[in-house]
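Student: Here it is: the structure, laid out below.
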Amino acid sequence: MNNTDRKRFAEIMTGMADNFRDTVTPEGLQMRFDMLADFAIGQVEQAAKQIMLTRKYTKMPTIADFVEAIKNEPKVEDKALVIASEIVSNVKEHGAGVFPYLADDKVAMHLMTRRWPYREWAAQVLESELKWWIKEFCEAYRAFDVNKLLSIENMTAPEDVKQLAGGLFKSF
């Protein structure tokens, strides 16, 4: 987490302490920050919201409570269904002209730019096919390996391969 994340983290923890009518010492705040540093600030914030909304606790939750809440993320199938529904809603409301907001989800972004290029797909899809498309999207989303996507995005070709590929189509 960077300095902006550190500031947001402090705001989240201070807000939670206020919510639970508790206090957080600077040492306790630093310890929590260090212990939760492996998680993204968005995950910490979502966990805080979940913890506060469940009213399961009557005092400031422990670090273990945060880790449990973070790891208790929705199932992939549920997440895929929500995203597919948002895409369908976007198509119905805006058509092919407005790309749905998917920046927070690399898998959905990949699927809607590579497997189903959104603008072309949205211009051609029939309403009667959307039910089947949602099912297919969920299957593709579930089967997709995020680690594979990250390795593809960061892959570079050796310089000699780039030169060979660059000259392939010059004679046509």
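Please note that chains go A, B, ... in the order of the structure tokens, that every chain numbers its residues from 1, and that ligands are numbered from 1 in the order shown.
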Mind checking DSSP for segment 30-75 of chain A and telling me the alpha helix (DSSP H) residues as an NGL selection string?
Tutor: :A and (30-35 or 41-54 or 63-71)
Student: Given the choices A:Arg8, A:Thr14, A:Leu29, A:Asn19, which gets closest to Glu45 of chain A if the distance is worked out from only C-alpha atoms?
Tutor: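 Residue with the minimum atom-to-atom distance to Glu45 of chain A: A:Arg8.
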Student: Closest to Ala48 of chain A among A:Lys92, A:Gln30, A:Met13, A:Val82, using only C-alpha atoms?
Tutor: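 Closest candidate: A:Met13.
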Student: Rounded to one decimal, what separation in Å do you get between atom CA of Ile63 of chain A and atom CA of Ile12 of chain A?
Tutor: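 Rounded to one decimal, the two atoms are 13.3 Å apart.
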Student: Would you work out the distance separating atom CA of Ile51 of chain A from atom CA of Asp65 of chain A, expressed in Å to one decimal?
Tutor: 8.2 Å
Student: Once you count only C-alpha atoms, what closest atom pair and distance in Å to one decimal does each residue of segment 12-118 of chain A within 7 Å of segment 128-146 of chain A have, with rows by chain and rising residue number, as JSON lines?
Tutor:
```
{"residue": "A:Val76", "atom": "CA", "partner": "A:Arg142", "partner_atom": "CA", "distance": 6.0}
{"residue": "A:Glu77", "atom": "CA", "partner": "A:Arg142", "partner_atom": "CA", "distance": 6.2}
{"residue": "A:Ala80", "atom": "CA", "partner": "A:Cys138", "partner_atom": "CA", "distance": 5.1}
{"residue": "A:Leu81", "atom": "CA", "partner": "A:Cys138", "partner_atom": "CA", "distance": 6.0}
{"residue": "A:Ala84", "atom": "CA", "partner": "A:Ile134", "partner_atom": "CA", "distance": 5.7}
{"residue": "A:Val107", "atom": "CA", "partner": "A:Val146", "partner_atom": "CA", "distance": 6.6}
```
Student: What lies within 12 Å of segment 23-25 of chain A using only C-alpha atoms, ignoring chain neighbours under 6 positions off, as an MDAnalysis selection string?
Tutor: chainID A and resid 10:17 31:33 59:62
Student: If you measure from atom CA of Val88 of chain A to atom CA of Ala123 of chain A, what distance in Å do you get, rounded to one decimal?
Tutor: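 Separating atom CA of Val88 of chain A from atom CA of Ala123 of chain A is a distance of 12.2 Å.
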Student: Can you tell me, as an mmCIF file with C-alpha atoms, in the first residue's frame, what residues are no more than 12 Å from Gln50 of chain A when counting only C-alpha atoms, ignoring any on the same chain fewer than 2 positions away?
Tutor:
```
data_model
loop_
_atom_site.group_PDB
_atom_site.id
_atom_site.type_symbol
_atom_site.label_atom_id
_atom_site.label_comp_id
_atom_site.auth_asym_id
_atom_site.auth_seq_id
_atom_site.Cartn_x
_atom_site.Cartn_y
_atom_site.Cartn_z
ATOM 1 C CA MET A 16 -14.669 1.974 12.402
ATOM 2 C CA GLN A 43 -10.416 -5.209 -0.039
ATOM 3 C CA VAL A 44 -9.838 -3.675 3.395
ATOM 4 C CA GLU A 45 -12.556 -1.107 2.763
ATOM 5 C CA GLN A 46 -15.034 -3.759 1.585
ATOM 6 C CA ALA A 47 -14.246 -5.875 4.661
ATOM 7 C CA ALA A 48 -14.829 -2.853 6.901
ATOM 8 C CA MET A 52 -20.027 -2.769 10.116
ATOM 9 C CA LEU A 53 -23.162 -3.797 8.242
ATOM 10 C CA THR A 54 -23.433 -7.225 9.861
ATOM 11 C CA ARG A 55 -23.482 -5.851 13.427
ATOM 12 C CA LYS A 56 -21.790 -9.065 14.493
ATOM 13 C CA TYR A 57 -19.301 -7.164 16.635
ATOM 14 C CA PRO A 61 -12.844 -6.054 15.162
ATOM 15 C CA ASP A 65 -11.818 -10.582 11.681
ATOM 16 C CA PHE A 66 -10.652 -8.436 8.755
ATOM 17 C CA VAL A 67 -8.772 -11.315 7.140
ATOM 18 C CA GLU A 68 -11.831 -13.537 7.511
ATOM 19 C CA ALA A 69 -14.064 -10.874 5.946
ATOM 20 C CA ILE A 70 -11.614 -10.294 3.081
ATOM 21 C CA LYS A 71 -11.272 -13.990 2.331
ATOM 22 C CA ASN A 72 -15.036 -14.391 2.494
ATOM 23 C CA GLU A 73 -15.354 -12.866 -0.956
ATOM 24 C CA PRO A 74 -18.324 -13.817 -3.105
#
```
Student: Which neighbours of Ile87 of chain A fall inside 10 Å, counting only C-alpha atoms, when residues of the same chain fewer than 2 positions from it are skipped, and could you give them as a list in words?
Tutor: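 These residues fall inside the cut-off: Leu81, Val82, Ile83, Ala84, Ser85, Ser89, Asn90, Val91, Lys92, Glu93, Phe99, Pro100, Tyr101, Leu102, Ala108, Met112, Tyr118, Ala122 and Ile134 of chain A.
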